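*Asks:* So I've got this file, start03.txt, and it contains compact mmCIF, N, CA and C atoms:
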# COMPACT_ATOMS: atom_id res chain seq x y z
N MET S 4 91.45 -58.73 122.45
CA MET S 4 91.49 -57.30 122.20
C MET S 4 90.87 -56.87 120.86
N PRO S 5 91.03 -57.63 119.76
CA PRO S 5 90.46 -57.19 118.49
C PRO S 5 88.95 -57.01 118.55
N HIS S 6 88.29 -57.72 119.44
CA HIS S 6 86.83 -57.61 119.53
C HIS S 6 86.41 -56.26 120.09
N ASP S 7 87.27 -55.60 120.82
CA ASP S 7 86.95 -54.28 121.37
C ASP S 7 86.92 -53.21 120.28
N ILE S 8 87.64 -53.43 119.21
CA ILE S 8 87.74 -52.44 118.14
C ILE S 8 86.49 -52.45 117.26
N ASP S 9 85.93 -53.61 116.99
CA ASP S 9 84.80 -53.73 116.07
C ASP S 9 83.61 -52.84 116.44
N PRO S 10 83.14 -52.82 117.69
CA PRO S 10 82.02 -51.93 118.01
C PRO S 10 82.36 -50.45 117.78
N THR S 11 83.59 -50.10 118.03
CA THR S 11 84.00 -48.72 117.80
C THR S 11 83.97 -48.38 116.32
N LEU S 12 84.50 -49.28 115.51
CA LEU S 12 84.49 -49.05 114.07
C LEU S 12 83.07 -49.02 113.52
N ASP S 13 82.22 -49.88 114.02
CA ASP S 13 80.81 -49.87 113.60
C ASP S 13 80.14 -48.56 113.96
N ARG S 14 80.41 -48.06 115.16
CA ARG S 14 79.83 -46.79 115.61
C ARG S 14 80.33 -45.64 114.73
N ILE S 15 81.62 -45.63 114.44
CA ILE S 15 82.19 -44.57 113.60
C ILE S 15 81.60 -44.63 112.20
N ALA S 16 81.46 -45.83 111.65
CA ALA S 16 80.89 -45.98 110.30
C ALA S 16 79.44 -45.48 110.28
N ALA S 17 78.67 -45.79 111.31
CA ALA S 17 77.28 -45.34 111.38
C ALA S 17 77.21 -43.82 111.49
N GLN S 18 78.09 -43.24 112.29
CA GLN S 18 78.12 -41.78 112.43
C GLN S 18 78.48 -41.13 111.10
N ARG S 19 79.45 -41.70 110.41
CA ARG S 19 79.89 -41.14 109.13
C ARG S 19 78.75 -41.18 108.11
N THR S 20 78.02 -42.29 108.08
CA THR S 20 76.90 -42.43 107.15
C THR S 20 75.82 -41.39 107.44
N LYS S 21 75.49 -41.20 108.72
CA LYS S 21 74.48 -40.20 109.09
C LYS S 21 74.96 -38.80 108.72
N LEU S 22 76.22 -38.51 108.93
CA LEU S 22 76.77 -37.19 108.61
C LEU S 22 76.76 -36.95 107.10
N GLU S 23 77.14 -37.95 106.32
CA GLU S 23 77.11 -37.82 104.86
C GLU S 23 75.70 -37.55 104.37
N LEU S 24 74.73 -38.27 104.92
CA LEU S 24 73.34 -38.08 104.53
C LEU S 24 72.86 -36.67 104.88
N ARG S 25 73.19 -36.23 106.09
CA ARG S 25 72.77 -34.89 106.52
C ARG S 25 73.39 -33.81 105.64
N HIS S 26 74.66 -33.95 105.31
CA HIS S 26 75.33 -32.95 104.47
C HIS S 26 74.78 -32.97 103.05
N SER S 27 74.51 -34.16 102.53
CA SER S 27 73.95 -34.27 101.19
C SER S 27 72.58 -33.63 101.12
N GLN S 28 71.76 -33.87 102.12
CA GLN S 28 70.42 -33.26 102.16
C GLN S 28 70.52 -31.75 102.25
N ALA S 29 71.43 -31.26 103.09
CA ALA S 29 71.59 -29.80 103.24
C ALA S 29 72.09 -29.18 101.94
N LEU S 30 73.01 -29.84 101.26
CA LEU S 30 73.52 -29.34 99.99
C LEU S 30 72.41 -29.30 98.95
N ALA S 31 71.63 -30.36 98.87
CA ALA S 31 70.53 -30.38 97.90
C ALA S 31 69.52 -29.28 98.19
N ARG S 32 69.21 -29.08 99.47
CA ARG S 32 68.27 -28.02 99.84
C ARG S 32 68.82 -26.64 99.49
N LEU S 33 70.10 -26.43 99.76
CA LEU S 33 70.73 -25.15 99.45
C LEU S 33 70.70 -24.87 97.95
N LEU S 34 71.07 -25.86 97.15
CA LEU S 34 71.10 -25.66 95.71
C LEU S 34 69.70 -25.51 95.13
N GLU S 35 68.72 -26.07 95.80
CA GLU S 35 67.33 -25.89 95.35
C GLU S 35 66.87 -24.46 95.64
N GLU S 36 67.26 -23.94 96.81
CA GLU S 36 66.85 -22.60 97.20
C GLU S 36 67.67 -21.52 96.49
N ARG S 37 68.89 -21.81 96.18
CA ARG S 37 69.80 -20.81 95.59
C ARG S 37 70.28 -21.28 94.22
N GLN S 38 69.46 -21.11 93.22
CA GLN S 38 69.81 -21.54 91.87
C GLN S 38 71.06 -20.83 91.35
N ASP S 39 71.35 -19.64 91.89
CA ASP S 39 72.54 -18.90 91.45
C ASP S 39 73.84 -19.60 91.84
N LEU S 40 73.78 -20.58 92.73
CA LEU S 40 74.98 -21.30 93.14
C LEU S 40 75.33 -22.46 92.22
N ARG S 41 74.42 -22.82 91.35
CA ARG S 41 74.69 -23.91 90.40
C ARG S 41 75.88 -23.53 89.53
N GLY S 42 76.76 -24.50 89.34
CA GLY S 42 77.92 -24.29 88.49
C GLY S 42 79.12 -23.70 89.22
N VAL S 43 78.95 -23.33 90.48
CA VAL S 43 80.05 -22.75 91.24
C VAL S 43 81.04 -23.83 91.66
N ASN S 44 80.52 -24.99 92.05
CA ASN S 44 81.35 -26.08 92.51
C ASN S 44 80.87 -27.36 91.84
N ALA S 45 81.74 -27.96 91.03
CA ALA S 45 81.35 -29.14 90.25
C ALA S 45 80.95 -30.31 91.14
N LEU S 46 81.66 -30.52 92.24
CA LEU S 46 81.33 -31.63 93.13
C LEU S 46 79.96 -31.43 93.77
N ALA S 47 79.66 -30.21 94.18
CA ALA S 47 78.34 -29.92 94.76
C ALA S 47 77.24 -30.17 93.74
N ASP S 48 77.47 -29.78 92.49
CA ASP S 48 76.49 -30.03 91.44
C ASP S 48 76.30 -31.53 91.22
N LEU S 49 77.39 -32.28 91.24
CA LEU S 49 77.32 -33.72 91.05
C LEU S 49 76.52 -34.39 92.16
N VAL S 50 76.77 -33.99 93.39
CA VAL S 50 76.04 -34.57 94.53
C VAL S 50 74.56 -34.23 94.43
N ALA S 51 74.25 -32.98 94.13
CA ALA S 51 72.85 -32.57 94.02
C ALA S 51 72.14 -33.32 92.90
N ASP S 52 72.80 -33.48 91.75
CA ASP S 52 72.21 -34.22 90.64
C ASP S 52 72.00 -35.68 91.01
N SER S 53 72.96 -36.27 91.69
CA SER S 53 72.85 -37.66 92.13
C SER S 53 71.67 -37.85 93.05
N LEU S 54 71.48 -36.91 93.96
CA LEU S 54 70.36 -37.00 94.90
C LEU S 54 69.02 -36.90 94.17
N ARG S 55 68.95 -36.03 93.18
CA ARG S 55 67.71 -35.89 92.42
C ARG S 55 67.40 -37.17 91.67
N TRP S 56 68.40 -37.81 91.08
CA TRP S 56 68.18 -39.02 90.31
C TRP S 56 67.80 -40.18 91.21
N SER S 57 68.26 -40.17 92.46
CA SER S 57 67.97 -41.29 93.34
C SER S 57 66.65 -41.13 94.08
N ALA S 58 66.04 -39.97 94.00
CA ALA S 58 64.80 -39.70 94.74
C ALA S 58 63.61 -40.36 94.08
Please go through the file and, once you have read it, give me the structure as structure tokens.
*Replies:*
Amino acid sequence: MPHDIDPTLDRIAAQRTKLELRHSQALARLLEERQDLRGVNALADLVADSLRWSA
């Protein structure tokens, strides 16, 4: 039975990674287009800065 769980966990982990990437890209794009939003949310600023440094 434990072998049945591993593919499910792998699939969930892959989905989560894709979702995180998509949200990070969308956040970076939004903050690039809307400079007035900078400083509104510290976590959003941190993510956007991290993405810029890793590019």
*Asks:* If you count only N, CA and C atoms, which residues fall within 8 Å of range 29-43 of chain S, apart from same-chain ones fewer than 5 positions away, as an mmCIF file with N, CA and C atoms, in the frame of the given file?
*Replies:*
data_model
loop_
_atom_site.group_PDB
_atom_site.id
_atom_site.type_symbol
_atom_site.label_atom_id
_atom_site.label_comp_id
_atom_site.auth_asym_id
_atom_site.auth_seq_id
_atom_site.Cartn_x
_atom_site.Cartn_y
_atom_site.Cartn_z
ATOM 1 N N GLU S 23 77.140 -37.950 106.320
ATOM 2 C CA GLU S 23 77.110 -37.820 104.860
ATOM 3 C C GLU S 23 75.700 -37.550 104.370
ATOM 4 N N LEU S 24 74.730 -38.270 104.920
ATOM 5 C CA LEU S 24 73.340 -38.080 104.530
ATOM 6 C C LEU S 24 72.860 -36.670 104.880
ATOM 7 N N ASP S 48 77.470 -29.780 92.490
ATOM 8 C CA ASP S 48 76.490 -30.030 91.440
ATOM 9 C C ASP S 48 76.300 -31.530 91.220
ATOM 10 N N VAL S 50 76.770 -33.990 93.390
ATOM 11 C CA VAL S 50 76.040 -34.570 94.530
ATOM 12 C C VAL S 50 74.560 -34.230 94.430
ATOM 13 N N ALA S 51 74.250 -32.980 94.130
ATOM 14 C CA ALA S 51 72.850 -32.570 94.020
ATOM 15 C C ALA S 51 72.140 -33.320 92.900
ATOM 16 N N ASP S 52 72.800 -33.480 91.750
ATOM 17 C CA ASP S 52 72.210 -34.220 90.640
ATOM 18 C C ASP S 52 72.000 -35.680 91.010
ATOM 19 N N LEU S 54 71.480 -36.910 93.960
ATOM 20 C CA LEU S 54 70.360 -37.000 94.900
ATOM 21 C C LEU S 54 69.020 -36.900 94.170
ATOM 22 N N ARG S 55 68.950 -36.030 93.180
ATOM 23 C CA ARG S 55 67.710 -35.890 92.420
ATOM 24 C C ARG S 55 67.400 -37.170 91.670
#
*Asks:* Between atom C of Ile8 in chain S and atom N of Thr20 in chain S, measure the distance and give it in Å to one decimal.
*Replies:*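 Spanning atom C of Ile8 in chain S to atom N of Thr20 in chain S is a straight-line distance of 16.1 Å.
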*Asks:* For the atom pair CA of Ser27 in chain S and atom C of Ile15 in chain S, what is the interatomic distance in Å to one decimal place?
*Replies:*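 Value for the CA of Ser27 in chain S-atom C of Ile15 in chain S distance: 16.9 Å.
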*Asks:* Can you tell me, as a list of chain:residue names, which residues in range 18-47 of chain S count as helix (DSSP H, G or I) by DSSP?
*Replies:*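 Written out, the helix (DSSP H, G or I) residues of range 18-47 of chain S are S:Gln18, S:Arg19, S:Thr20, S:Lys21, S:Leu22, S:Glu23, S:Leu24, S:Arg25, S:His26, S:Ser27, S:Gln28, S:Ala29, S:Leu30, S:Ala31, S:Arg32, S:Leu33, S:Leu34, S:Glu35, S:Glu36, S:Gln38, S:Asp39, S:Leu40, S:Ala45, S:Leu46, S:Ala47.
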*Asks:* Can you work out the spacing between atom C of Ser53 in chain S and atom C of Leu12 in chain S in Å, to one decimal?
*Replies:*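 If I compute the distance from atom C of Ser53 in chain S to atom C of Leu12 in chain S, I get 26.0 Å.
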*Asks:* Quick one: chain S from the block, C-alpha atoms, as an mmCIF file, in the first residue's frame.
*Replies:*
data_model
loop_
_atom_site.group_PDB
_atom_site.id
_atom_site.type_symbol
_atom_site.label_atom_id
_atom_site.label_comp_id
_atom_site.auth_asym_id
_atom_site.auth_seq_id
_atom_site.Cartn_x
_atom_site.Cartn_y
_atom_site.Cartn_z
ATOM 1 C CA MET S 4 0.000 0.000 0.000
ATOM 2 C CA PRO S 5 2.733 2.618 0.729
ATOM 3 C CA HIS S 6 3.802 2.458 -2.908
ATOM 4 C CA ASP S 7 0.404 3.801 -3.979
ATOM 5 C CA ILE S 8 0.965 7.010 -2.034
ATOM 6 C CA ASP S 9 4.329 7.979 -3.580
ATOM 7 C CA PRO S 10 3.032 8.747 -7.108
ATOM 8 C CA THR S 11 0.270 10.850 -5.597
ATOM 9 C CA LEU S 12 2.697 12.810 -3.457
ATOM 10 C CA ASP S 13 5.013 13.295 -6.424
ATOM 11 C CA ARG S 14 2.118 14.588 -8.526
ATOM 12 C CA ILE S 15 1.010 16.976 -5.769
ATOM 13 C CA ALA S 16 4.574 18.255 -5.300
ATOM 14 C CA ALA S 17 4.923 18.871 -9.051
ATOM 15 C CA GLN S 18 1.592 20.709 -9.157
ATOM 16 C CA ARG S 19 2.585 22.849 -6.179
ATOM 17 C CA THR S 20 5.903 23.767 -7.809
ATOM 18 C CA LYS S 21 4.173 24.776 -11.061
ATOM 19 C CA LEU S 22 1.610 26.830 -9.133
ATOM 20 C CA GLU S 23 4.291 28.604 -7.087
ATOM 21 C CA LEU S 24 6.198 29.458 -10.258
ATOM 22 C CA ARG S 25 3.071 30.743 -12.000
ATOM 23 C CA HIS S 26 2.094 32.908 -9.019
ATOM 24 C CA SER S 27 5.621 34.255 -8.628
ATOM 25 C CA GLN S 28 5.766 35.198 -12.302
ATOM 26 C CA ALA S 29 2.351 36.868 -12.117
ATOM 27 C CA LEU S 30 3.359 38.805 -9.009
ATOM 28 C CA ALA S 31 6.589 39.978 -10.608
ATOM 29 C CA ARG S 32 4.714 41.054 -13.740
ATOM 30 C CA LEU S 33 2.110 42.916 -11.688
ATOM 31 C CA LEU S 34 4.698 44.771 -9.624
ATOM 32 C CA GLU S 35 6.600 45.649 -12.789
ATOM 33 C CA GLU S 36 3.462 47.092 -14.396
ATOM 34 C CA ARG S 37 2.147 48.773 -11.251
ATOM 35 C CA GLN S 38 5.013 50.531 -9.493
ATOM 36 C CA ASP S 39 2.463 52.172 -7.174
ATOM 37 C CA LEU S 40 1.950 48.774 -5.503
ATOM 38 C CA ARG S 41 5.533 48.575 -4.252
ATOM 39 C CA GLY S 42 5.701 48.763 -0.487
ATOM 40 C CA VAL S 43 2.075 47.743 0.010
ATOM 41 C CA ASN S 44 2.900 44.154 0.951
ATOM 42 C CA ALA S 45 6.346 43.263 2.286
ATOM 43 C CA LEU S 46 6.119 39.604 1.246
ATOM 44 C CA ALA S 47 5.158 40.543 -2.318
ATOM 45 C CA ASP S 48 8.122 42.932 -2.466
ATOM 46 C CA LEU S 49 10.435 40.216 -1.155
ATOM 47 C CA VAL S 50 9.258 37.702 -3.757
ATOM 48 C CA ALA S 51 9.572 40.230 -6.580
ATOM 49 C CA ASP S 52 13.085 41.224 -5.461
ATOM 50 C CA SER S 53 14.106 37.577 -5.189
ATOM 51 C CA LEU S 54 12.891 36.902 -8.705
ATOM 52 C CA ARG S 55 14.833 39.867 -10.068
ATOM 53 C CA TRP S 56 18.044 38.722 -8.369
ATOM 54 C CA SER S 57 17.655 35.181 -9.673
ATOM 55 C CA ALA S 58 16.998 36.209 -13.277
#
